[in-house]
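Novice: There's a structure below that I have some questions on.
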Amino acid sequence: MVATGFDLVIGQLLRTPARRNPDQTIHDGEGGVRTYRQFHARIDRLGAALTRLGLGHGATVAVLDWDTPRYLECYFAVPMLGATLHTVNIRLSPEQILYTINHALDDAILCHEDFLPVLLPLLPRITRPVTLILLSDHPDAPLPPGFAGELETLLVAEAPGFTFPDLTEDTRATLFYTTGTTGDPKGVTYSHRQLVLHTLGVVAAFGPVPGVGGIKTDDVYMPITPLFHVHAWGYPYVATFLGLRQVYPGRYEPARLLALLTAHRVTYSHCVPTILAMLLAAPEAATADLSHWKVTIGGAALPEGLAAQARAKGIDIHAGYGMSETCPVICIADMVSSQTSDDIGGRIATGKAAPLVTLRVVDPDLRDVPHDGRTTGEVVARAPWLTQGYLRNDAGTADLWRGGWMHTGDVGHMSPDGTLRITDRLKDVIKSGGEWVSSLALESLTSTVAGVREVAAVGIPDDRWGERPVLVAVIDGDDEVETAIRARLQAAVAAGDLPKWAVPDRTIRVQAIPKTSVGKQDKKVIRQMLATGEIG
Ligand code: AMP
C-alpha cells in the first residue's frame with residue numbers, strides 16, 4: 001500500500017456543490033441563470049477551449065469583464081489548467097492597465113466588448129504576443145481584427161467532459177495588481193493551496209457563528225466587491241464551495257443593485273463602506289426591504305454613522321479587516337456579541353483574528369506593544385494565505401516581509417481580549433504636536449452627525465504642531481451641521497474618547513470626496529488638493 005498525498009487545489013472546491021446540489025442556481029444581472037451542473041459543464045468546455053488555443057500550465061490569462069457568472073467560470077477553469085488568472089482592474093487608467101498586462105506577461109486576454117475601446121488602442125504596445133478572446137452579450141457581435149474568437153462560440157465548439165491536469169498545490173493560481181500611493185502597481189499572487197485554505201478559513205470563521213450571523217448554506221450571495229479586486233475577497237470561492245445560490249450583478253449601479261438584492265432576496269454581500277453609503281443614499285433604498293441582508297464591510301474602516309444607518313434599515317452589518325496582500329480575510333468583528341447586545345461598537349471594531357491567523361501589534365523593533373486597548377503600533381501578520389511576495393519585485397517583497405512577519409502598513413491597538421482596532425494607515429497618520437491623531441476615530445465620530453454624508457480626516461502642515469487634522473466632508477445642510485460636528489467631537493473629548501488636541505480646527509465642505517479605483521477614499525489626492533489650494 002502506498003499512501004497518497006492530497007494537494008489542495010481549486011478544482012476540489014467544485015466537487016462538493018456538484019455532488020450535493022447540482023440544481024442550485026447561479027444568476028447574472030440580466031435574468032440569465034445556470035445550474036451548478038451547467039456551470040460545471042461550462043468550466044470543462046472553457047478548459048478545453050483554452051487548451052485548444054495553447055493556453056495551459058504556466059500561461060497567464062487576463063480577464064477584463066463586469067461581475068458575471070462567466071467571470072466566476074474563469075476563476076475555476078483558468079487555475080485548474082495550471083494557468084494564472086490575472087484579474088485586470090478595469091478602473092485603472094489605460095496606461096496602468098497596459099503596465100499590468102505587460103508586467104504580468106499575459107499570454108491571453110479575455111475582454112468584454114465594453115472594454116474594447118480601452119484595450120484596442122493599447123494592443124500595439126503590448127510587448128508579448130497575446131491570444132485575444134472576445135466576451136460578448138450578443139451572439140452575433142463582430143469579432144475585432146486579431147481576435148481568436150468569441151467565448152460562447154468557442155465553448156459550443158467543444159465536446160463535454162474535459163479532464164483537467166493534476167496540479168501541485170503550490171501552483172500559482174491568481175494574480176492582480178494593487179495600486180499603492182506611490183510607484184507602479186504591484187502584482188500580488190496566490191497559489192491553489194492558499195486560496196483553498198483561505199476558503200476553509202472563511203468558512204471556519206463564519207460558519208460556526210450561532211444565530212443569524214455569518215455565511216451559511218441557506219444564504220443567497222451577491223458580491224459587491226468587484227471580481228477584479230482581490231478575487232472579490234475570496235467569497236466567490238466560498239459561495240461556490242458551500243453551493244449557495246449566487247447572483248453576479250454586472251455593473252454597479254445603485255438602482256440595479258438594489259433591484260437585484262430585492263428580487264433575489266439576497267442575504268449575504270460584502271463591500272467597501274463607500275459603496276454601501278451610495279446604495280443607502282439611492283432613492284430606491286427608501287422602499288427596499290433590506291432586513292434579510294447580512295453585509296461584511298471591509299477595505300476601509302466601517303464608520304459608526306454608516307453602521308447605524310444600516311442597522312436602521314435592519315441590515316446585519318459587521319466589519320472585516322484585510323488587504324490585497326492577505327487574500328484578504330484575516331480579522332472579523334465579533335458577531336456573537338453583536339447579536340446578544342446589538343453593540344454598534346462591536347460591529348465596527350476591526351475585530352478578532354480569523355482562524356489560523358496570528359496578528360500582532362508591534363513597535364519598530366518588532367516587539368509587541370501592550371494589549372491595553374490604547375497603545376498603538378504597526379499590525380503584522382502570519383497566516384497560511386498571505387501573499388509570499390510581489391511579482392518580480394524583490395525589494396517590495398523584502399520590505400513587506402521584514403523580520404519574517406507581513407507588515408500591513410496599518411496602525412492599531414489591541415485590547416486585552418484580543419480585539420484589534422485599526423486607527424490609521426501608516427501613510428495617513430496625522431501627527432499633531434508629536435502625538436498621533438486617529439483619522440479613523442475622527443471620521444467615525446463625525447459620521448454619526450445628521451447631515452454628514454461622507455467625511456475624511458487628513459493632516460495638513462502646521463508651523464507650530466507639525467501637522468493639524470482637518471475634516472473634509474460632504475454635508476447636506478447649512479452651518480448648523482458644522483456646529484453639530486464640533487459639539488459631537490467636544491462631547492467625545494468630555495467623555496474621554498478623544499484627546500483635546502485631536503479635535504480638527506476646520507471642516508472643509510466639498511461636493512465629493514475623491515475615490516481610488518476600488519471606490520475607497522483617496523487621501524493622497526485629498527492632501528494634494530489641500531496643498532494646491534484646490535480645496536480649503
Ligand atoms: P486593499 O489592499 O486595497 O484591500 O486595502 C487594504 C487596506 O484597507 C488595509 O491595509 C487598511 O488600511 C484598510 N482596511 C481594510 N479593512 C479595514 C478595517 N476594517 N478597518 C480599517 N481599515 C481597513
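Residue numbering restarts at 1 in every chain; chains get A, B, ... in the order shown in the C-alpha cells, and ligands count up from 1 in that same order.
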Can you pull out every residue with an atom within 8 Å of ligand 1? Use only C-alpha atoms and all ligand atoms and format it as an MDAnalysis selection string.
Specialist: chainID A and resid 178:179 229:230 297:302 319:325 328 331:332 348:351 408:410 421:425 440 518
Novice: Dump N, CA and C atoms for the selected residues as a short mmCIF file (atom, residue, chain, number, x, y, z; two decimals), in the first residue's frame?
Specialist:
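This went into out.cif:
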```
data_model
loop_
_atom_site.label_atom_id
_atom_site.label_comp_id
_atom_site.auth_asym_id
_atom_site.auth_seq_id
_atom_site.Cartn_x
_atom_site.Cartn_y
_atom_site.Cartn_z
N THR A 178 -2.14 45.75 -7.06
CA THR A 178 -2.58 46.68 -6.04
C THR A 178 -1.92 48.02 -6.34
N THR A 179 -2.69 49.09 -6.26
CA THR A 179 -2.12 50.39 -6.59
C THR A 179 -1.84 51.13 -5.30
N HIS A 229 -10.93 42.72 -7.89
CA HIS A 229 -10.20 43.20 -6.72
C HIS A 229 -10.06 42.09 -5.68
N VAL A 230 -8.84 41.61 -5.48
CA VAL A 230 -8.56 40.54 -4.51
C VAL A 230 -9.59 39.42 -4.67
N ILE A 297 -18.38 44.51 5.83
CA ILE A 297 -17.72 45.70 5.28
C ILE A 297 -16.22 45.55 5.49
N GLY A 298 -15.46 45.81 4.44
CA GLY A 298 -14.01 45.75 4.57
C GLY A 298 -13.37 46.74 3.63
N GLY A 299 -12.05 46.66 3.53
CA GLY A 299 -11.34 47.54 2.60
C GLY A 299 -11.11 48.93 3.15
N ALA A 300 -11.83 49.28 4.19
CA ALA A 300 -11.67 50.56 4.89
C ALA A 300 -12.49 50.43 6.17
N ALA A 301 -12.24 51.31 7.11
CA ALA A 301 -12.96 51.21 8.38
C ALA A 301 -14.45 51.45 8.18
N LEU A 302 -15.27 50.79 8.97
CA LEU A 302 -16.71 50.99 8.93
C LEU A 302 -17.05 52.13 9.89
N ALA A 319 -17.89 44.64 10.47
CA ALA A 319 -16.62 44.97 9.82
C ALA A 319 -15.76 43.72 9.69
N GLY A 320 -14.96 43.71 8.63
CA GLY A 320 -13.91 42.71 8.50
C GLY A 320 -12.64 43.48 8.16
N TYR A 321 -11.50 42.84 8.27
CA TYR A 321 -10.26 43.56 8.00
C TYR A 321 -9.31 42.67 7.20
N GLY A 322 -8.69 43.29 6.24
CA GLY A 322 -7.69 42.59 5.45
C GLY A 322 -7.16 43.52 4.39
N MET A 323 -6.32 43.01 3.53
CA MET A 323 -5.76 43.83 2.47
C MET A 323 -5.41 42.93 1.29
N SER A 324 -5.04 43.57 0.19
CA SER A 324 -4.73 42.79 -1.02
C SER A 324 -3.72 41.68 -0.72
N GLU A 325 -2.76 41.98 0.13
CA GLU A 325 -1.66 41.05 0.37
C GLU A 325 -2.05 39.92 1.33
N PRO A 328 -8.21 38.22 1.20
CA PRO A 328 -7.71 39.18 2.16
C PRO A 328 -8.12 38.91 3.62
N CYS A 331 -9.32 39.07 9.76
CA CYS A 331 -9.88 39.56 11.02
C CYS A 331 -11.35 39.90 10.79
N ILE A 332 -12.23 39.53 11.74
CA ILE A 332 -13.64 39.93 11.59
C ILE A 332 -14.24 40.33 12.92
N ILE A 348 -18.38 47.61 14.56
CA ILE A 348 -17.43 48.40 13.77
C ILE A 348 -15.97 48.18 14.19
N ALA A 349 -15.76 47.53 15.35
CA ALA A 349 -14.38 47.27 15.77
C ALA A 349 -13.75 46.38 14.72
N THR A 350 -12.47 46.55 14.49
CA THR A 350 -11.85 45.76 13.44
C THR A 350 -12.05 44.28 13.72
N GLY A 351 -11.99 43.88 15.00
CA GLY A 351 -12.39 42.52 15.34
C GLY A 351 -11.29 41.63 15.85
N THR A 408 1.50 45.09 7.55
CA THR A 408 0.26 45.57 6.92
C THR A 408 0.33 47.05 6.56
N GLY A 409 1.23 47.78 7.21
CA GLY A 409 1.24 49.24 6.99
C GLY A 409 0.09 49.92 7.70
N ASP A 410 -0.61 49.17 8.56
CA ASP A 410 -1.72 49.76 9.32
C ASP A 410 -1.32 49.92 10.78
N ARG A 421 -8.19 47.08 16.88
CA ARG A 421 -8.85 48.25 16.30
C ARG A 421 -7.82 49.01 15.48
N ILE A 422 -8.09 49.15 14.19
CA ILE A 422 -7.18 49.90 13.33
C ILE A 422 -7.49 51.39 13.54
N THR A 423 -6.45 52.17 13.72
CA THR A 423 -6.67 53.60 13.92
C THR A 423 -6.25 54.42 12.71
N ASP A 424 -5.42 53.84 11.86
CA ASP A 424 -4.93 54.59 10.69
C ASP A 424 -4.11 53.71 9.78
N ARG A 425 -3.82 54.23 8.60
CA ARG A 425 -2.76 53.64 7.79
C ARG A 425 -1.51 54.42 8.14
N LEU A 440 -9.28 57.65 11.62
CA LEU A 440 -10.47 56.78 11.54
C LEU A 440 -11.42 57.07 12.69
N VAL A 518 -10.87 51.36 -6.57
CA VAL A 518 -11.77 50.38 -5.97
C VAL A 518 -12.79 51.06 -5.04
#
```
Novice: Near Ala62 (chain A), counting only C-alpha atoms, which residues have an atom at most 7 Å away, once you skip same-chain residues fewer than 5 positions from it, shown as a VMD selection string?
Specialist: chain A and resid 85 to 88 106 108 to 110
Novice: Quick check for you: according to DSSP on this backbone, which residues of region 466-517 of chain A are classed as strand (DSSP E)? Reply as a PyMOL selection string.
Specialist: chain A and resi 466-475+507-509
Novice: Please, which residues in region 217-272 of chain A fall within 10 Å of region 65-76 of chain A when counting only C-alpha atoms, and what is the closest atom pair and distance in Å to one decimal for each, ordered by chain then residue number, as JSON lines?
Specialist:
```
{"residue": "A:Met222", "atom": "CA", "partner": "A:Asp67", "partner_atom": "CA", "distance": 9.9}
{"residue": "A:Pro223", "atom": "CA", "partner": "A:Asp67", "partner_atom": "CA", "distance": 8.3}
{"residue": "A:Ile224", "atom": "CA", "partner": "A:Asp67", "partner_atom": "CA", "distance": 8.8}
{"residue": "A:Thr225", "atom": "CA", "partner": "A:Asp67", "partner_atom": "CA", "distance": 9.0}
{"residue": "A:Pro226", "atom": "CA", "partner": "A:Asp67", "partner_atom": "CA", "distance": 6.4}
{"residue": "A:Leu227", "atom": "CA", "partner": "A:Asp67", "partner_atom": "CA", "distance": 5.8}
{"residue": "A:Phe228", "atom": "CA", "partner": "A:Asp65", "partner_atom": "CA", "distance": 8.4}
{"residue": "A:His231", "atom": "CA", "partner": "A:Tyr75", "partner_atom": "CA", "distance": 8.2}
{"residue": "A:Ala232", "atom": "CA", "partner": "A:Asp67", "partner_atom": "CA", "distance": 9.5}
{"residue": "A:Pro236", "atom": "CA", "partner": "A:Leu72", "partner_atom": "CA", "distance": 7.2}
{"residue": "A:Tyr237", "atom": "CA", "partner": "A:Tyr75", "partner_atom": "CA", "distance": 8.2}
{"residue": "A:Thr240", "atom": "CA", "partner": "A:Leu72", "partner_atom": "CA", "distance": 9.2}
{"residue": "A:Gln246", "atom": "CA", "partner": "A:Pro69", "partner_atom": "CA", "distance": 8.7}
{"residue": "A:Val247", "atom": "CA", "partner": "A:Pro69", "partner_atom": "CA", "distance": 7.9}
{"residue": "A:Tyr248", "atom": "CA", "partner": "A:Thr68", "partner_atom": "CA", "distance": 5.0}
{"residue": "A:Pro249", "atom": "CA", "partner": "A:Asp67", "partner_atom": "CA", "distance": 6.0}
{"residue": "A:Gly250", "atom": "CA", "partner": "A:Asp67", "partner_atom": "CA", "distance": 4.5}
{"residue": "A:Arg251", "atom": "CA", "partner": "A:Trp66", "partner_atom": "CA", "distance": 5.8}
{"residue": "A:Tyr252", "atom": "CA", "partner": "A:Asp67", "partner_atom": "CA", "distance": 8.8}
```
Novice: For Leu134 (chain A), please output as a list in words all residues within 9 Å (counting only C-alpha atoms; exclusion window: fewer than 3 positions along the same chain).
Specialist: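 Counting only C-alpha atoms, the residues come to Ile109, Leu110, Cys111, His112, Glu113, Leu116, Leu143, Pro144, Phe147, Ala148, Gly149, Glu150, Leu151 and Glu152 of chain A.
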Novice: Using N, CA and C atoms, can you write the selected residues to a file as a compact mmCIF listing (two decimals), in the first residue's frame?
Specialist:
```txt
# COMPACT_ATOMS: atom_id res chain seq x y z
N ILE A 109 -5.85 37.43 -23.35
CA ILE A 109 -6.73 38.43 -22.72
C ILE A 109 -8.16 38.13 -23.14
N LEU A 110 -9.02 37.91 -22.16
CA LEU A 110 -10.45 37.76 -22.41
C LEU A 110 -11.07 39.11 -22.10
N CYS A 111 -11.64 39.74 -23.12
CA CYS A 111 -12.07 41.13 -22.93
C CYS A 111 -13.53 41.30 -23.31
N HIS A 112 -14.31 41.85 -22.38
CA HIS A 112 -15.70 42.15 -22.68
C HIS A 112 -15.77 43.30 -23.67
N GLU A 113 -16.79 43.26 -24.53
CA GLU A 113 -16.89 44.28 -25.59
C GLU A 113 -16.91 45.71 -25.04
N LEU A 116 -13.40 47.13 -25.02
CA LEU A 116 -12.60 47.19 -26.25
C LEU A 116 -12.06 48.60 -26.52
N LEU A 143 -16.33 40.26 -34.59
CA LEU A 143 -15.05 39.95 -33.95
C LEU A 143 -14.02 40.99 -34.38
N PRO A 144 -13.42 41.70 -33.44
CA PRO A 144 -12.41 42.69 -33.85
C PRO A 144 -11.22 41.98 -34.50
N PHE A 147 -8.64 38.89 -33.15
CA PHE A 147 -9.21 38.10 -32.06
C PHE A 147 -9.36 36.64 -32.50
N ALA A 148 -9.05 35.71 -31.56
CA ALA A 148 -9.13 34.28 -31.89
C ALA A 148 -10.56 33.79 -31.92
N GLY A 149 -11.46 34.48 -31.23
CA GLY A 149 -12.85 34.03 -31.24
C GLY A 149 -13.64 34.70 -30.15
N GLU A 150 -14.94 34.44 -30.19
CA GLU A 150 -15.85 34.93 -29.13
C GLU A 150 -16.10 33.75 -28.21
N LEU A 151 -16.11 34.02 -26.92
CA LEU A 151 -16.07 32.93 -25.94
C LEU A 151 -17.21 31.92 -26.12
N GLU A 152 -18.45 32.40 -26.24
CA GLU A 152 -19.57 31.46 -26.30
C GLU A 152 -19.45 30.57 -27.53
```
Novice: Tell me which protein, DNA and RNA residues are within 9 Å of Leu14 (chain A), counting only C-alpha atoms, leaving out same-chain ones fewer than 3 positions away, and put them as a list in words.
Specialist: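 That gives Ile10, Gly11, Pro17, Ala18, Arg19, His40, Phe76, Tyr237, Thr240, Phe241 and Gly243 of chain A.
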Novice: Print the selection's residues with N, CA, C and O atoms to a file, as a PDB file, in the first residue's frame.
Specialist:
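See again01.pdb below for the written result:
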```
ATOM      1  N   ILE A  10      -7.779  24.204  -6.387  1.00  0.00           N
ATOM      2  CA  ILE A  10      -9.063  24.895  -6.532  1.00  0.00           C
ATOM      3  C   ILE A  10     -10.168  23.991  -7.079  1.00  0.00           C
ATOM      4  O   ILE A  10     -11.324  24.089  -6.680  1.00  0.00           O
ATOM      5  N   GLY A  11      -9.813  23.070  -7.969  1.00  0.00           N
ATOM      6  CA  GLY A  11     -10.810  22.169  -8.541  1.00  0.00           C
ATOM      7  C   GLY A  11     -11.573  21.397  -7.480  1.00  0.00           C
ATOM      8  O   GLY A  11     -12.754  21.057  -7.653  1.00  0.00           O
ATOM      9  N   PRO A  17     -20.322  21.044  -4.066  1.00  0.00           N
ATOM     10  CA  PRO A  17     -21.619  21.521  -4.544  1.00  0.00           C
ATOM     11  C   PRO A  17     -22.132  20.706  -5.730  1.00  0.00           C
ATOM     12  O   PRO A  17     -23.339  20.476  -5.849  1.00  0.00           O
ATOM     13  N   ALA A  18     -21.223  20.242  -6.594  1.00  0.00           N
ATOM     14  CA  ALA A  18     -21.670  19.486  -7.774  1.00  0.00           C
ATOM     15  C   ALA A  18     -22.356  18.196  -7.342  1.00  0.00           C
ATOM     16  O   ALA A  18     -23.320  17.760  -7.955  1.00  0.00           O
ATOM     17  N   ARG A  19     -21.860  17.594  -6.268  1.00  0.00           N
ATOM     18  CA  ARG A  19     -22.457  16.339  -5.790  1.00  0.00           C
ATOM     19  C   ARG A  19     -23.729  16.589  -4.999  1.00  0.00           C
ATOM     20  O   ARG A  19     -24.719  15.911  -5.148  1.00  0.00           O
ATOM     21  N   HIS A  40     -20.620  23.715 -14.071  1.00  0.00           N
ATOM     22  CA  HIS A  40     -19.518  22.755 -14.105  1.00  0.00           C
ATOM     23  C   HIS A  40     -19.178  22.368 -15.547  1.00  0.00           C
ATOM     24  O   HIS A  40     -18.007  22.318 -15.940  1.00  0.00           O
ATOM     25  N   PHE A  76     -12.348  29.400 -11.941  1.00  0.00           N
ATOM     26  CA  PHE A  76     -12.050  27.977 -11.774  1.00  0.00           C
ATOM     27  C   PHE A  76     -11.238  27.440 -12.958  1.00  0.00           C
ATOM     28  O   PHE A  76     -10.159  26.882 -12.779  1.00  0.00           O
ATOM     29  N   TYR A 237     -15.239  31.899  -4.203  1.00  0.00           N
ATOM     30  CA  TYR A 237     -14.802  30.525  -3.919  1.00  0.00           C
ATOM     31  C   TYR A 237     -15.585  29.953  -2.737  1.00  0.00           C
ATOM     32  O   TYR A 237     -15.981  28.798  -2.733  1.00  0.00           O
ATOM     33  N   THR A 240     -19.244  29.222  -3.793  1.00  0.00           N
ATOM     34  CA  THR A 240     -19.332  28.050  -4.673  1.00  0.00           C
ATOM     35  C   THR A 240     -19.087  26.770  -3.864  1.00  0.00           C
ATOM     36  O   THR A 240     -19.808  25.777  -4.007  1.00  0.00           O
ATOM     37  N   PHE A 241     -18.093  26.810  -3.008  1.00  0.00           N
ATOM     38  CA  PHE A 241     -17.780  25.648  -2.164  1.00  0.00           C
ATOM     39  C   PHE A 241     -18.999  25.264  -1.317  1.00  0.00           C
ATOM     40  O   PHE A 241     -19.290  24.079  -1.123  1.00  0.00           O
ATOM     41  N   GLY A 243     -22.019  25.831  -2.151  1.00  0.00           N
ATOM     42  CA  GLY A 243     -23.162  25.539  -3.033  1.00  0.00           C
ATOM     43  C   GLY A 243     -24.292  26.536  -2.899  1.00  0.00           C
ATOM     44  O   GLY A 243     -25.465  26.184  -3.041  1.00  0.00           O
TER      45      GLY A 243
END
```
Novice: Considering only C-alpha atoms, state which residue in the set A:Arg527, A:Leu13, A:Gly58, A:Pro364 is at the smallest distance from Lys427 (chain A).
Specialist: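 With only C-alpha atoms as the atom set, the closest residue is A:Arg527.
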Novice: Please, which residues of region 17-229 of chain A, numbered as in this document, come out helix (DSSP H, G or I) from DSSP, as a short mmCIF file (atom, residue, chain, number, x, y, z; two decimals) with C-alpha atoms, in the first residue's frame?
Specialist:
```cif
data_model
loop_
_atom_site.label_atom_id
_atom_site.label_comp_id
_atom_site.auth_asym_id
_atom_site.auth_seq_id
_atom_site.Cartn_x
_atom_site.Cartn_y
_atom_site.Cartn_z
CA PRO A 17 -21.62 21.52 -4.54
CA ALA A 18 -21.67 19.49 -7.77
CA ARG A 19 -22.46 16.34 -5.79
CA ARG A 20 -24.74 17.79 -3.16
CA TYR A 36 -24.27 24.25 -10.87
CA ARG A 37 -24.44 21.26 -13.24
CA GLN A 38 -24.35 23.63 -16.22
CA PHE A 39 -21.73 25.80 -14.54
CA HIS A 40 -19.52 22.76 -14.11
CA ALA A 41 -20.02 21.71 -17.73
CA ARG A 42 -19.12 25.22 -18.91
CA ILE A 43 -15.93 25.15 -16.84
CA ASP A 44 -15.00 21.92 -18.61
CA ARG A 45 -15.64 23.47 -22.01
CA LEU A 46 -13.68 26.59 -21.07
CA GLY A 47 -10.77 24.37 -20.03
CA ALA A 48 -10.96 22.59 -23.37
CA ALA A 49 -11.23 25.82 -25.38
CA LEU A 50 -8.28 27.46 -23.67
CA THR A 51 -6.21 24.31 -24.11
CA ARG A 52 -7.04 24.26 -27.82
CA PRO A 69 -21.06 34.14 -13.79
CA ARG A 70 -18.78 33.86 -16.83
CA TYR A 71 -16.04 35.54 -14.77
CA LEU A 72 -16.69 33.00 -11.99
CA GLU A 73 -16.12 30.22 -14.53
CA CYS A 74 -12.72 31.77 -15.29
CA TYR A 75 -11.98 31.76 -11.53
CA PHE A 76 -12.05 27.98 -11.77
CA ALA A 77 -11.15 26.94 -15.34
CA VAL A 78 -8.00 29.06 -15.69
CA PRO A 79 -6.25 27.97 -12.46
CA MET A 80 -7.48 24.38 -12.92
CA PRO A 94 -5.36 52.84 -19.73
CA GLU A 95 -1.64 53.39 -19.08
CA GLN A 96 -1.82 51.48 -15.80
CA ILE A 97 -3.83 48.68 -17.44
CA LEU A 98 -1.12 48.45 -20.09
CA TYR A 99 1.55 48.37 -17.39
CA THR A 100 -0.17 45.48 -15.59
CA ILE A 101 -0.72 43.46 -18.79
CA ASN A 102 2.95 43.83 -19.72
CA HIS A 103 4.26 43.27 -16.21
CA ALA A 104 2.09 40.16 -15.74
CA GLU A 113 -16.89 44.28 -25.59
CA ASP A 114 -17.46 47.26 -23.28
CA PHE A 115 -13.69 47.43 -22.62
CA LEU A 116 -12.60 47.19 -26.25
CA PRO A 117 -12.30 51.00 -26.51
CA VAL A 118 -9.67 50.78 -23.75
CA LEU A 119 -7.90 47.63 -24.90
CA LEU A 120 -7.74 48.03 -28.69
CA PRO A 121 -5.61 51.22 -28.69
CA LEU A 122 -3.19 49.53 -26.25
CA LEU A 123 -2.63 46.41 -28.39
CA PRO A 124 0.37 47.77 -30.39
CA ARG A 125 2.16 48.45 -27.08
CA LEU A 151 -16.07 32.93 -25.94
CA GLU A 152 -19.57 31.46 -26.30
CA THR A 153 -18.81 30.32 -29.86
CA LEU A 154 -15.59 28.71 -28.67
CA LEU A 155 -17.43 26.91 -25.84
CA VAL A 156 -20.14 25.49 -28.09
CA HIS A 192 -4.03 26.99 -5.13
CA ARG A 193 -3.15 25.93 -1.60
CA GLN A 194 -3.53 29.48 -0.28
CA LEU A 195 -6.91 30.01 -1.94
CA VAL A 196 -8.25 26.66 -0.70
CA LEU A 197 -7.05 27.35 2.85
CA HIS A 198 -8.45 30.89 2.72
CA THR A 199 -11.81 29.45 1.63
CA LEU A 200 -11.80 26.97 4.51
CA GLY A 201 -10.61 29.69 6.90
CA VAL A 202 -13.51 31.99 5.96
CA VAL A 203 -15.98 29.12 6.33
CA ALA A 204 -14.48 28.27 9.72
CA ALA A 205 -14.64 31.90 10.81
CA PHE A 206 -18.28 32.47 9.79
#
```
Novice: For Val455 (chain A), which of A:Pro514, A:Gly433, A:Gly5, A:Gly146 is the closest residue, counting only C-alpha atoms?
Specialist: A:Pro514
Novice: Would you write out, as a Markdown table, a table of all residues in region 152-261 of chain A that have an atom no more than 12 Å from an atom of region 285-292 of chain A, listing for each the closest atom pair and the distance in Å to one decimal, considering only C-alpha atoms and ordering rows by chain and rising residue number?
Specialist:
```
| residue | atom | partner | partner_atom | distance |
| --- | --- | --- | --- | --- |
| A:Val212 | CA | A:His292 | CA | 9.8 |
| A:Gly213 | CA | A:His292 | CA | 11.1 |
| A:Asp219 | CA | A:His292 | CA | 10.0 |
| A:Val220 | CA | A:His292 | CA | 10.2 |
| A:Tyr221 | CA | A:His292 | CA | 11.9 |
| A:Pro254 | CA | A:Ala285 | CA | 8.7 |
| A:Ala255 | CA | A:Ala285 | CA | 8.2 |
| A:Arg256 | CA | A:Ala285 | CA | 11.0 |
| A:Leu257 | CA | A:Ala285 | CA | 10.2 |
| A:Leu258 | CA | A:Ala285 | CA | 7.0 |
| A:Ala259 | CA | A:Ala288 | CA | 8.2 |
| A:Leu260 | CA | A:Ala288 | CA | 10.6 |
| A:Leu261 | CA | A:Leu290 | CA | 7.9 |
```
Novice: For the interface of region 367-462 of chain A with region 502-511 of chain A (cut-off 8 Å, counting only C-alpha atoms), please tabulate each contacting residue of region 367-462 of chain A alongside its nearest pair of atoms and their separation in Å to one decimal, rows sorted by chain and increasing number, as JSON lines.
Specialist:
```
{"residue": "A:Ser432", "atom": "CA", "partner": "A:Ala502", "partner_atom": "CA", "distance": 7.7}
{"residue": "A:Val437", "atom": "CA", "partner": "A:Ala502", "partner_atom": "CA", "distance": 5.6}
{"residue": "A:Ser438", "atom": "CA", "partner": "A:Ala502", "partner_atom": "CA", "distance": 7.9}
{"residue": "A:Leu442", "atom": "CA", "partner": "A:Val503", "partner_atom": "CA", "distance": 7.9}
```
Novice: Might you pull out every residue within 12 Å of region 528-532 of chain A, with only C-alpha atoms counted and same-chain residues fewer than 2 positions away left off, and present them as a PyMOL selection string?
Specialist: chain A and resi 181+457-462+469-472+508-510+513-514+522-526+534-536
Novice: Check the smallest atom-to-atom distance from each of A:Glu454, A:Asp417, A:Asp428, A:Glu480 to Glu467 (chain A) using only C-alpha atoms, then report the winner.
Specialist: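 Counting only C-alpha atoms, the residue closest to Glu467 (chain A) is A:Asp428.
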